[in-house]
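Novice: Okay, here's the structure, questions in a sec.
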Amino acid sequence: MHEMSITQGIIDLCLEHAAGRRVHSIDVEIGELSSVVPEAVEFCFEACSRETLLESARLVIIRVAGRGLCQECGRETPLPELYAACQHCGSNRVAIMAGEELRVREIEVDD
Ligand SMILES: [Zn+2]
């Protein structure tokens with residue numbers, strides 16, 4: 001389960017940012033095209049944050065929809081999955097614009 005190491009990375013980043021202060025909440029963006037399962041991250045977060053400054057912090061997961069730019073017709077197309085075809089012209093030459101995110105957007109800490 002690679003979510004465990006991903007979640008540990010998120011936690012390490014937050015602890016570094018918090019610099020000893022207690023963390024209230026974290027917003028994490030997870031793209032639909034990334035292979036990360038949000039439920040697994042939630043589960044790992046609960047386990048990994050125990051007895052750290054992140055314990056009882058609120059984890060908010062923001063799903064980012066997949067979006068691409070068709071290299072054939074030049075239009076934007078929704079990408080429900082990696083390598084989906086353009087919904088306008090059916091081309092497979094679609095450059096990914098969004099949906100691969102995995103990043104911490106915001107960390108709220110005690111003042
Ligand atoms: Zn197209």
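Chain labels run A, B, ... following the order of the structure tokens; each chain numbers its residues from 1, and ligands are numbered from 1 in the order shown.
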Using only C-alpha atoms, which residues sit within 10 Å of region 50-52 of chain A once same-chain residues fewer than 6 positions away are excluded, as a PDB file with C-alpha atoms, in the first residue's frame?
Specialist:
ATOM      1  CA  ILE A  11       2.797  14.276   7.854  1.00  0.00           C
ATOM      2  CA  LEU A  15       5.400  18.724  11.175  1.00  0.00           C
ATOM      3  CA  GLY A  20       6.395  22.492  17.205  1.00  0.00           C
ATOM      4  CA  ARG A  22      -0.225  21.933  17.082  1.00  0.00           C
ATOM      5  CA  VAL A  23      -1.831  21.412  13.688  1.00  0.00           C
TER       6      VAL A  23
END
Novice: Name each residue within 7 Å of ligand 1, counting only C-alpha atoms and all ligand atoms, as a list of chain:residue names.
Specialist: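 Using only C-alpha atoms and all ligand atoms, everything at most 7 Å from ligand 1 comes to A:Cys70, A:Gln71, A:Glu72, A:Cys73, A:Gly74, A:Arg75, A:Cys86, A:Gln87, A:His88, A:Cys89, A:Gly90, A:Ser91.
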Novice: Could you write out that same residue set with all heavy atoms as a PDB file, in the first residue's frame?
Specialist:
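Everything below was put into result-v4.pdb:
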ATOM      1  N   CYS A  70      -6.515  18.604 -25.847  1.00  0.00           N
ATOM      2  CA  CYS A  70      -6.367  17.747 -27.013  1.00  0.00           C
ATOM      3  C   CYS A  70      -5.329  18.348 -27.968  1.00  0.00           C
ATOM      4  O   CYS A  70      -5.397  19.524 -28.309  1.00  0.00           O
ATOM      5  CB  CYS A  70      -7.708  17.596 -27.720  1.00  0.00           C
ATOM      6  SG  CYS A  70      -7.577  16.567 -29.194  1.00  0.00           S
ATOM      7  N   GLN A  71      -4.370  17.535 -28.378  1.00  0.00           N
ATOM      8  CA  GLN A  71      -3.318  17.994 -29.285  1.00  0.00           C
ATOM      9  C   GLN A  71      -3.787  17.955 -30.740  1.00  0.00           C
ATOM     10  O   GLN A  71      -3.131  18.442 -31.637  1.00  0.00           O
ATOM     11  CB  GLN A  71      -2.072  17.101 -29.123  1.00  0.00           C
ATOM     12  CG  GLN A  71      -1.577  17.001 -27.703  1.00  0.00           C
ATOM     13  CD  GLN A  71      -1.118  18.336 -27.138  1.00  0.00           C
ATOM     14  OE1 GLN A  71      -0.114  18.878 -27.555  1.00  0.00           O
ATOM     15  NE2 GLN A  71      -1.889  18.879 -26.190  1.00  0.00           N
ATOM     16  N   GLU A  72      -4.952  17.341 -30.942  1.00  0.00           N
ATOM     17  CA  GLU A  72      -5.486  17.189 -32.291  1.00  0.00           C
ATOM     18  C   GLU A  72      -6.425  18.350 -32.639  1.00  0.00           C
ATOM     19  O   GLU A  72      -6.238  19.028 -33.631  1.00  0.00           O
ATOM     20  CB  GLU A  72      -6.242  15.851 -32.369  1.00  0.00           C
ATOM     21  CG  GLU A  72      -6.331  15.267 -33.762  1.00  0.00           C
ATOM     22  CD  GLU A  72      -4.965  14.826 -34.296  1.00  0.00           C
ATOM     23  OE1 GLU A  72      -4.260  14.117 -33.565  1.00  0.00           O
ATOM     24  OE2 GLU A  72      -4.615  15.207 -35.424  1.00  0.00           O
ATOM     25  N   CYS A  73      -7.437  18.565 -31.775  1.00  0.00           N
ATOM     26  CA  CYS A  73      -8.418  19.614 -32.078  1.00  0.00           C
ATOM     27  C   CYS A  73      -8.207  20.868 -31.227  1.00  0.00           C
ATOM     28  O   CYS A  73      -8.883  21.867 -31.425  1.00  0.00           O
ATOM     29  CB  CYS A  73      -9.846  19.081 -31.907  1.00  0.00           C
ATOM     30  SG  CYS A  73     -10.313  18.750 -30.193  1.00  0.00           S
ATOM     31  N   GLY A  74      -7.287  20.790 -30.265  1.00  0.00           N
ATOM     32  CA  GLY A  74      -6.949  21.977 -29.484  1.00  0.00           C
ATOM     33  C   GLY A  74      -7.949  22.358 -28.416  1.00  0.00           C
ATOM     34  O   GLY A  74      -7.872  23.439 -27.838  1.00  0.00           O
ATOM     35  N   ARG A  75      -8.924  21.480 -28.155  1.00  0.00           N
ATOM     36  CA  ARG A  75      -9.923  21.824 -27.147  1.00  0.00           C
ATOM     37  C   ARG A  75      -9.642  21.113 -25.830  1.00  0.00           C
ATOM     38  O   ARG A  75      -8.969  20.089 -25.797  1.00  0.00           O
ATOM     39  CB  ARG A  75     -11.322  21.448 -27.664  1.00  0.00           C
ATOM     40  CG  ARG A  75     -11.717  22.237 -28.887  1.00  0.00           C
ATOM     41  CD  ARG A  75     -12.889  21.607 -29.588  1.00  0.00           C
ATOM     42  NE  ARG A  75     -14.146  21.903 -28.902  1.00  0.00           N
ATOM     43  CZ  ARG A  75     -15.325  21.444 -29.333  1.00  0.00           C
ATOM     44  NH1 ARG A  75     -15.392  20.698 -30.413  1.00  0.00           N
ATOM     45  NH2 ARG A  75     -16.423  21.745 -28.678  1.00  0.00           N
ATOM     46  N   CYS A  86     -10.006  12.154 -26.359  1.00  0.00           N
ATOM     47  CA  CYS A  86     -10.664  13.457 -26.398  1.00  0.00           C
ATOM     48  C   CYS A  86     -12.154  13.235 -26.643  1.00  0.00           C
ATOM     49  O   CYS A  86     -12.541  12.467 -27.522  1.00  0.00           O
ATOM     50  CB  CYS A  86     -10.065  14.295 -27.521  1.00  0.00           C
ATOM     51  SG  CYS A  86     -10.983  15.812 -27.857  1.00  0.00           S
ATOM     52  N   GLN A  87     -12.996  13.942 -25.865  1.00  0.00           N
ATOM     53  CA  GLN A  87     -14.438  13.725 -26.002  1.00  0.00           C
ATOM     54  C   GLN A  87     -15.029  14.515 -27.167  1.00  0.00           C
ATOM     55  O   GLN A  87     -16.206  14.384 -27.490  1.00  0.00           O
ATOM     56  CB  GLN A  87     -15.148  14.073 -24.685  1.00  0.00           C
ATOM     57  CG  GLN A  87     -14.768  13.101 -23.582  1.00  0.00           C
ATOM     58  CD  GLN A  87     -15.620  13.239 -22.334  1.00  0.00           C
ATOM     59  OE1 GLN A  87     -16.518  14.073 -22.265  1.00  0.00           O
ATOM     60  NE2 GLN A  87     -15.341  12.408 -21.342  1.00  0.00           N
ATOM     61  N   HIS A  88     -14.221  15.330 -27.808  1.00  0.00           N
ATOM     62  CA  HIS A  88     -14.708  16.096 -28.957  1.00  0.00           C
ATOM     63  C   HIS A  88     -14.402  15.394 -30.275  1.00  0.00           C
ATOM     64  O   HIS A  88     -15.254  15.267 -31.135  1.00  0.00           O
ATOM     65  CB  HIS A  88     -14.082  17.489 -28.956  1.00  0.00           C
ATOM     66  CG  HIS A  88     -14.286  18.227 -27.674  1.00  0.00           C
ATOM     67  ND1 HIS A  88     -15.525  18.669 -27.271  1.00  0.00           N
ATOM     68  CD2 HIS A  88     -13.414  18.561 -26.693  1.00  0.00           C
ATOM     69  CE1 HIS A  88     -15.398  19.274 -26.092  1.00  0.00           C
ATOM     70  NE2 HIS A  88     -14.142  19.210 -25.722  1.00  0.00           N
ATOM     71  N   CYS A  89     -13.152  14.914 -30.410  1.00  0.00           N
ATOM     72  CA  CYS A  89     -12.762  14.344 -31.697  1.00  0.00           C
ATOM     73  C   CYS A  89     -12.289  12.897 -31.599  1.00  0.00           C
ATOM     74  O   CYS A  89     -12.026  12.260 -32.608  1.00  0.00           O
ATOM     75  CB  CYS A  89     -11.678  15.210 -32.341  1.00  0.00           C
ATOM     76  SG  CYS A  89     -10.078  15.069 -31.493  1.00  0.00           S
ATOM     77  N   GLY A  90     -12.173  12.378 -30.384  1.00  0.00           N
ATOM     78  CA  GLY A  90     -11.797  10.973 -30.236  1.00  0.00           C
ATOM     79  C   GLY A  90     -10.302  10.706 -30.300  1.00  0.00           C
ATOM     80  O   GLY A  90      -9.875   9.552 -30.223  1.00  0.00           O
ATOM     81  N   SER A  91      -9.502  11.755 -30.418  1.00  0.00           N
ATOM     82  CA  SER A  91      -8.052  11.575 -30.497  1.00  0.00           C
ATOM     83  C   SER A  91      -7.480  11.091 -29.166  1.00  0.00           C
ATOM     84  O   SER A  91      -8.000  11.411 -28.097  1.00  0.00           O
ATOM     85  CB  SER A  91      -7.394  12.897 -30.880  1.00  0.00           C
ATOM     86  OG  SER A  91      -5.996  12.813 -30.670  1.00  0.00           O
TER      87      SER A  91
END
Novice: Can you pull out the residues contacting Asp110 (chain A)? Cut-off 12 Å, using only C-alpha atoms, and skip same-chain residues under 5 positions away; I want them as a list in words.
Specialist: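 So, after excluding close chain neighbours, the residues are His17, Ala18, Ala19, Gly20, Arg21, Arg22, Val23, His24, Ser25, Leu53, Leu54 and Ala57 of chain A.
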Novice: Write a file of the selected residues as a compact mmCIF listing (two decimals), in the first residue's frame, keeping N, CA, C and O atoms.
Specialist:
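The new file result33.txt reads:
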# COMPACT_ATOMS: atom_id res chain seq x y z
N HIS A 17 6.54 22.21 8.85
CA HIS A 17 5.89 23.51 8.72
C HIS A 17 5.39 24.01 10.08
O HIS A 17 5.49 25.20 10.39
N ALA A 18 4.84 23.12 10.88
CA ALA A 18 4.26 23.50 12.16
C ALA A 18 5.33 23.91 13.17
O ALA A 18 5.06 24.71 14.06
N ALA A 19 6.52 23.41 13.01
CA ALA A 19 7.66 23.75 13.88
C ALA A 19 7.27 23.73 15.36
O ALA A 19 7.46 24.71 16.07
N GLY A 20 6.69 22.65 15.79
CA GLY A 20 6.39 22.49 17.20
C GLY A 20 5.02 22.94 17.64
O GLY A 20 4.62 22.75 18.78
N ARG A 21 4.29 23.60 16.72
CA ARG A 21 2.93 24.01 17.07
C ARG A 21 1.94 22.91 16.72
O ARG A 21 2.22 22.06 15.87
N ARG A 22 0.78 22.95 17.35
CA ARG A 22 -0.22 21.93 17.08
C ARG A 22 -0.95 22.25 15.77
O ARG A 22 -1.27 23.40 15.49
N VAL A 23 -1.18 21.22 14.99
CA VAL A 23 -1.83 21.41 13.69
C VAL A 23 -3.34 21.19 13.82
O VAL A 23 -3.78 20.19 14.38
N HIS A 24 -4.12 22.18 13.33
CA HIS A 24 -5.59 22.07 13.38
C HIS A 24 -6.15 21.30 12.20
O HIS A 24 -6.98 20.42 12.35
N SER A 25 -5.72 21.72 11.02
CA SER A 25 -6.26 21.04 9.84
C SER A 25 -5.28 21.15 8.67
O SER A 25 -4.44 22.04 8.61
N LEU A 53 2.03 15.99 16.75
CA LEU A 53 1.31 17.27 16.83
C LEU A 53 0.13 17.31 15.86
O LEU A 53 -0.65 18.24 15.86
N LEU A 54 0.04 16.28 15.04
CA LEU A 54 -1.06 16.23 14.08
C LEU A 54 -2.23 15.39 14.59
O LEU A 54 -3.25 15.28 13.93
N ALA A 57 -5.90 16.37 14.18
CA ALA A 57 -6.02 17.40 13.14
C ALA A 57 -7.04 16.92 12.11
O ALA A 57 -7.24 15.73 11.92
Novice: Using only C-alpha atoms, can you tell me which of A:Phe43, A:Ala65, A:Ser5, A:Val60 comes closest to Val104 (chain A)?
Specialist: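 Looking only at the distances to Val104 (chain A), the closest residue turns out to be A:Val60.
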Novice: Fewer than 5 positions away in the same chain doesn't count, so skip those; otherwise give me all residues within 12 Å of Ser34 (chain A), counting only C-alpha atoms, as a list in words.
Specialist: His2, Glu3, Ile6, Glu29, Arg63, Val64, Ala65, Gly66, Leu79, Pro80, Glu81, Leu82, Ile96, Ala98, Gly99, Glu100, Glu101, Leu102 and Arg103 of chain A
Novice: Write out as JSON, numbers by chain all residues of region 3-98 of chain A that backbone DSSP assigns to helix (DSSP H, G or I).
Specialist: {"A": [3, 4, 5, 6, 7, 8, 9, 10, 11, 12, 13, 14, 15, 16, 17, 18, 38, 39, 40, 41, 42, 43, 44, 45, 46, 47, 48]}
Novice: Among chain A, which residues carry a DSSP assignment of strand (DSSP E or B), reported as a compact mmCIF listing (two decimals) with all heavy atoms, in the first residue's frame?
Specialist:
# COMPACT_ATOMS: atom_id res chain seq x y z
N VAL A 23 -1.18 21.22 14.99
CA VAL A 23 -1.83 21.41 13.69
C VAL A 23 -3.34 21.19 13.82
O VAL A 23 -3.78 20.19 14.38
CB VAL A 23 -1.24 20.43 12.64
CG1 VAL A 23 -1.96 20.58 11.31
CG2 VAL A 23 0.25 20.66 12.48
N HIS A 24 -4.12 22.18 13.33
CA HIS A 24 -5.59 22.07 13.38
C HIS A 24 -6.15 21.30 12.20
O HIS A 24 -6.98 20.42 12.35
CB HIS A 24 -6.22 23.47 13.36
CG HIS A 24 -6.15 24.17 14.66
ND1 HIS A 24 -6.66 23.63 15.81
CD2 HIS A 24 -5.60 25.35 15.00
CE1 HIS A 24 -6.44 24.46 16.81
NE2 HIS A 24 -5.78 25.51 16.35
N SER A 25 -5.72 21.72 11.02
CA SER A 25 -6.26 21.04 9.84
C SER A 25 -5.28 21.15 8.67
O SER A 25 -4.44 22.04 8.61
CB SER A 25 -7.62 21.64 9.46
OG SER A 25 -7.45 22.92 8.91
N ILE A 26 -5.42 20.22 7.77
CA ILE A 26 -4.60 20.18 6.56
C ILE A 26 -5.52 19.95 5.37
O ILE A 26 -6.41 19.09 5.43
CB ILE A 26 -3.61 19.01 6.53
CG1 ILE A 26 -3.29 18.48 7.92
CG2 ILE A 26 -2.35 19.35 5.80
CD1 ILE A 26 -2.58 17.15 7.83
N ASP A 27 -5.30 20.71 4.32
CA ASP A 27 -6.01 20.48 3.07
C ASP A 27 -5.05 19.81 2.09
O ASP A 27 -3.97 20.34 1.83
CB ASP A 27 -6.48 21.80 2.45
CG ASP A 27 -7.56 22.46 3.29
OD1 ASP A 27 -7.91 21.90 4.35
OD2 ASP A 27 -8.06 23.52 2.89
N VAL A 28 -5.44 18.68 1.58
CA VAL A 28 -4.59 17.96 0.64
C VAL A 28 -5.34 17.75 -0.67
O VAL A 28 -6.49 17.30 -0.68
CB VAL A 28 -4.19 16.57 1.22
CG1 VAL A 28 -3.34 15.81 0.21
CG2 VAL A 28 -3.43 16.73 2.52
N GLU A 29 -4.69 18.12 -1.76
CA GLU A 29 -5.29 17.91 -3.08
C GLU A 29 -4.83 16.57 -3.63
O GLU A 29 -3.65 16.28 -3.67
CB GLU A 29 -4.82 19.00 -4.05
CG GLU A 29 -5.46 20.33 -3.84
CD GLU A 29 -5.01 21.36 -4.87
OE1 GLU A 29 -4.08 21.05 -5.64
OE2 GLU A 29 -5.59 22.44 -4.89
N ILE A 30 -5.81 15.78 -4.07
CA ILE A 30 -5.47 14.50 -4.70
C ILE A 30 -6.20 14.43 -6.04
O ILE A 30 -7.42 14.48 -6.10
CB ILE A 30 -5.88 13.30 -3.82
CG1 ILE A 30 -5.15 13.35 -2.46
CG2 ILE A 30 -5.58 11.99 -4.54
CD1 ILE A 30 -5.49 12.21 -1.52
N GLY A 31 -5.43 14.37 -7.11
CA GLY A 31 -6.01 14.31 -8.44
C GLY A 31 -6.64 12.96 -8.72
O GLY A 31 -6.16 11.93 -8.23
N ARG A 58 -7.72 17.91 11.48
CA ARG A 58 -8.73 17.57 10.49
C ARG A 58 -8.05 17.44 9.13
O ARG A 58 -7.35 18.34 8.69
CB ARG A 58 -9.79 18.66 10.44
CG ARG A 58 -11.09 18.29 9.78
CD ARG A 58 -12.16 19.28 10.16
NE ARG A 58 -11.73 20.64 9.86
CZ ARG A 58 -12.09 21.30 8.75
NH1 ARG A 58 -12.91 20.75 7.89
NH2 ARG A 58 -11.66 22.52 8.53
N LEU A 59 -8.25 16.32 8.50
CA LEU A 59 -7.69 16.10 7.17
C LEU A 59 -8.78 16.33 6.14
O LEU A 59 -9.80 15.64 6.13
CB LEU A 59 -7.15 14.67 7.05
CG LEU A 59 -6.62 14.27 5.68
CD1 LEU A 59 -5.35 15.04 5.33
CD2 LEU A 59 -6.35 12.77 5.63
N VAL A 60 -8.59 17.34 5.30
CA VAL A 60 -9.56 17.64 4.25
C VAL A 60 -8.96 17.25 2.92
O VAL A 60 -7.92 17.77 2.52
CB VAL A 60 -9.92 19.14 4.24
CG1 VAL A 60 -10.96 19.43 3.16
CG2 VAL A 60 -10.41 19.58 5.60
N ILE A 61 -9.60 16.30 2.25
CA ILE A 61 -9.09 15.86 0.96
C ILE A 61 -9.92 16.50 -0.16
O ILE A 61 -11.14 16.40 -0.17
CB ILE A 61 -9.11 14.33 0.85
CG1 ILE A 61 -8.06 13.75 1.82
CG2 ILE A 61 -8.80 13.90 -0.59
CD1 ILE A 61 -7.98 12.24 1.83
N ILE A 62 -9.22 17.20 -1.04
CA ILE A 62 -9.88 17.85 -2.16
C ILE A 62 -9.58 17.06 -3.42
O ILE A 62 -8.42 16.89 -3.79
CB ILE A 62 -9.38 19.31 -2.31
CG1 ILE A 62 -9.67 20.08 -1.03
CG2 ILE A 62 -10.00 19.98 -3.52
CD1 ILE A 62 -8.61 21.06 -0.66
N ARG A 63 -10.61 16.56 -4.05
CA ARG A 63 -10.42 15.80 -5.28
C ARG A 63 -10.31 16.75 -6.46
O ARG A 63 -11.14 17.64 -6.63
CB ARG A 63 -11.62 14.86 -5.51
CG ARG A 63 -11.70 13.75 -4.48
CD ARG A 63 -10.52 12.83 -4.58
NE ARG A 63 -10.79 11.68 -5.44
CZ ARG A 63 -9.84 10.95 -6.00
NH1 ARG A 63 -8.59 11.28 -5.85
NH2 ARG A 63 -10.15 9.89 -6.73
N VAL A 64 -9.30 16.54 -7.28
CA VAL A 64 -9.12 17.38 -8.46
C VAL A 64 -9.46 16.54 -9.69
O VAL A 64 -8.89 15.47 -9.90
CB VAL A 64 -7.67 17.89 -8.57
CG1 VAL A 64 -7.51 18.79 -9.79
CG2 VAL A 64 -7.28 18.64 -7.30
N ARG A 67 -8.34 16.72 -16.34
CA ARG A 67 -8.63 17.59 -17.46
C ARG A 67 -7.45 17.54 -18.42
O ARG A 67 -6.30 17.48 -17.98
CB ARG A 67 -8.83 19.02 -16.96
CG ARG A 67 -9.98 19.77 -17.56
CD ARG A 67 -10.55 20.83 -16.60
NE ARG A 67 -9.56 21.44 -15.74
CZ ARG A 67 -8.74 22.43 -16.14
NH1 ARG A 67 -8.79 22.88 -17.36
NH2 ARG A 67 -7.89 22.94 -15.29
N GLY A 68 -7.75 17.56 -19.71
CA GLY A 68 -6.66 17.51 -20.67
C GLY A 68 -6.88 18.48 -21.81
O GLY A 68 -7.97 19.02 -22.01
N LEU A 69 -5.78 18.71 -22.56
CA LEU A 69 -5.85 19.56 -23.74
C LEU A 69 -5.54 18.69 -24.95
O LEU A 69 -4.47 18.09 -25.05
CB LEU A 69 -4.84 20.70 -23.64
CG LEU A 69 -4.88 21.70 -24.79
CD1 LEU A 69 -6.20 22.48 -24.77
CD2 LEU A 69 -3.70 22.65 -24.71
N CYS A 70 -6.52 18.60 -25.85
CA CYS A 70 -6.37 17.75 -27.01
C CYS A 70 -5.33 18.35 -27.97
O CYS A 70 -5.40 19.52 -28.31
CB CYS A 70 -7.71 17.60 -27.72
SG CYS A 70 -7.58 16.57 -29.19
N GLU A 76 -10.23 21.68 -24.77
CA GLU A 76 -10.10 21.05 -23.46
C GLU A 76 -11.10 19.92 -23.36
O GLU A 76 -12.23 20.03 -23.83
CB GLU A 76 -10.40 22.06 -22.36
CG GLU A 76 -9.15 22.74 -21.85
CD GLU A 76 -9.44 23.57 -20.60
OE1 GLU A 76 -10.11 23.04 -19.69
OE2 GLU A 76 -9.02 24.72 -20.59
N THR A 77 -10.69 18.84 -22.72
CA THR A 77 -11.59 17.70 -22.58
C THR A 77 -11.49 17.12 -21.17
O THR A 77 -10.41 17.14 -20.57
CB THR A 77 -11.27 16.62 -23.64
OG1 THR A 77 -12.15 15.54 -23.50
CG2 THR A 77 -9.84 16.10 -23.52
N PRO A 78 -12.61 16.64 -20.63
CA PRO A 78 -12.53 15.98 -19.33
C PRO A 78 -11.77 14.66 -19.47
O PRO A 78 -11.91 13.98 -20.49
CB PRO A 78 -13.99 15.69 -18.96
CG PRO A 78 -14.83 16.36 -19.99
CD PRO A 78 -13.98 16.66 -21.17
N VAL A 94 -3.85 13.48 -26.00
CA VAL A 94 -4.36 14.46 -25.04
C VAL A 94 -3.29 14.72 -23.97
O VAL A 94 -2.81 13.79 -23.34
CB VAL A 94 -5.66 13.96 -24.38
CG1 VAL A 94 -6.16 14.98 -23.37
CG2 VAL A 94 -6.72 13.67 -25.43
N ALA A 95 -2.92 15.98 -23.83
CA ALA A 95 -1.94 16.35 -22.80
C ALA A 95 -2.68 16.60 -21.49
O ALA A 95 -3.69 17.31 -21.47
CB ALA A 95 -1.18 17.59 -23.23
N ILE A 96 -2.18 16.02 -20.43
CA ILE A 96 -2.84 16.18 -19.13
C ILE A 96 -2.60 17.56 -18.57
O ILE A 96 -1.47 18.03 -18.50
CB ILE A 96 -2.33 15.10 -18.15
CG1 ILE A 96 -2.72 13.71 -18.67
CG2 ILE A 96 -2.87 15.34 -16.75
CD1 ILE A 96 -2.00 12.58 -17.96
N MET A 97 -3.69 18.25 -18.19
CA MET A 97 -3.58 19.58 -17.60
C MET A 97 -3.81 19.53 -16.10
O MET A 97 -3.25 20.33 -15.36
CB MET A 97 -4.61 20.52 -18.22
CG MET A 97 -4.41 20.77 -19.70
SD MET A 97 -5.86 21.59 -20.40
CE MET A 97 -5.81 23.17 -19.55
N ALA A 98 -4.67 18.66 -15.67
CA ALA A 98 -4.98 18.57 -14.24
C ALA A 98 -5.41 17.15 -13.90
O ALA A 98 -5.87 16.41 -14.77
CB ALA A 98 -6.09 19.55 -13.88
N LEU A 102 -0.89 15.79 -6.19
CA LEU A 102 -0.82 15.21 -4.85
C LEU A 102 -0.01 16.23 -4.07
O LEU A 102 1.20 16.25 -4.12
CB LEU A 102 -0.12 13.85 -4.83
CG LEU A 102 0.05 13.33 -3.41
CD1 LEU A 102 -1.29 13.04 -2.77
CD2 LEU A 102 0.89 12.08 -3.38
N ARG A 103 -0.73 17.16 -3.43
CA ARG A 103 0.00 18.18 -2.70
C ARG A 103 -0.79 18.73 -1.52
O ARG A 103 -2.01 18.69 -1.50
CB ARG A 103 0.41 19.31 -3.63
CG ARG A 103 -0.74 20.05 -4.26
CD ARG A 103 -0.30 21.34 -4.96
NE ARG A 103 -1.40 21.87 -5.75
CZ ARG A 103 -1.41 21.90 -7.08
NH1 ARG A 103 -0.40 21.45 -7.75
NH2 ARG A 103 -2.45 22.36 -7.72
N VAL A 104 -0.03 19.24 -0.58
CA VAL A 104 -0.64 19.87 0.59
C VAL A 104 -0.93 21.31 0.20
O VAL A 104 -0.05 22.04 -0.21
CB VAL A 104 0.32 19.83 1.79
CG1 VAL A 104 -0.29 20.55 2.98
CG2 VAL A 104 0.65 18.39 2.15
N ARG A 105 -2.20 21.70 0.27
CA ARG A 105 -2.58 23.05 -0.15
C ARG A 105 -2.53 24.03 1.01
O ARG A 105 -2.15 25.16 0.86
CB ARG A 105 -3.98 23.02 -0.76
CG ARG A 105 -4.32 24.33 -1.45
CD ARG A 105 -5.40 24.14 -2.46
NE ARG A 105 -6.71 24.24 -1.84
CZ ARG A 105 -7.85 24.20 -2.53
NH1 ARG A 105 -7.84 24.00 -3.82
NH2 ARG A 105 -8.99 24.30 -1.91
N GLU A 106 -2.93 23.56 2.18
CA GLU A 106 -2.97 24.48 3.30
C GLU A 106 -2.77 23.73 4.61
O GLU A 106 -3.27 22.62 4.77
CB GLU A 106 -4.31 25.20 3.33
CG GLU A 106 -4.23 26.55 4.00
CD GLU A 106 -5.56 27.31 3.91
OE1 GLU A 106 -6.15 27.32 2.81
OE2 GLU A 106 -5.98 27.85 4.93
N ILE A 107 -2.03 24.36 5.51
CA ILE A 107 -1.83 23.80 6.85
C ILE A 107 -2.21 24.86 7.86
O ILE A 107 -1.70 25.98 7.78
CB ILE A 107 -0.36 23.39 7.07
CG1 ILE A 107 0.11 22.40 5.99
CG2 ILE A 107 -0.17 22.79 8.46
CD1 ILE A 107 1.60 22.14 6.02
N GLU A 108 -3.13 24.52 8.75
CA GLU A 108 -3.52 25.47 9.80
C GLU A 108 -2.91 25.06 11.12
O GLU A 108 -3.14 23.94 11.57
CB GLU A 108 -5.05 25.48 9.93
CG GLU A 108 -5.72 26.72 9.42
CD GLU A 108 -7.20 26.68 9.68
OE1 GLU A 108 -7.58 26.75 10.85
OE2 GLU A 108 -7.96 26.54 8.70
N VAL A 109 -2.19 25.99 11.73
CA VAL A 109 -1.55 25.65 13.01
C VAL A 109 -1.97 26.62 14.10
O VAL A 109 -2.52 27.69 13.82
CB VAL A 109 -0.01 25.67 12.89
CG1 VAL A 109 0.49 24.61 11.95
CG2 VAL A 109 0.47 27.05 12.45
Novice: Mind pulling up the distance from CA of Asp111 (chain A) to CA of Gly9 (chain A)?
Specialist: 23.5 Å
Novice: In Å, how far is it from CA of Cys14 (chain A) to CA of Ser49 (chain A)?
Specialist: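 Between CA of Cys14 (chain A) and CA of Ser49 (chain A) the gap is 10.5 Å.
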Novice: Can you measure CA of Arg93 (chain A) to CA of Val36 (chain A) for me? One decimal in Å is fine.
Specialist: 24.0 Å
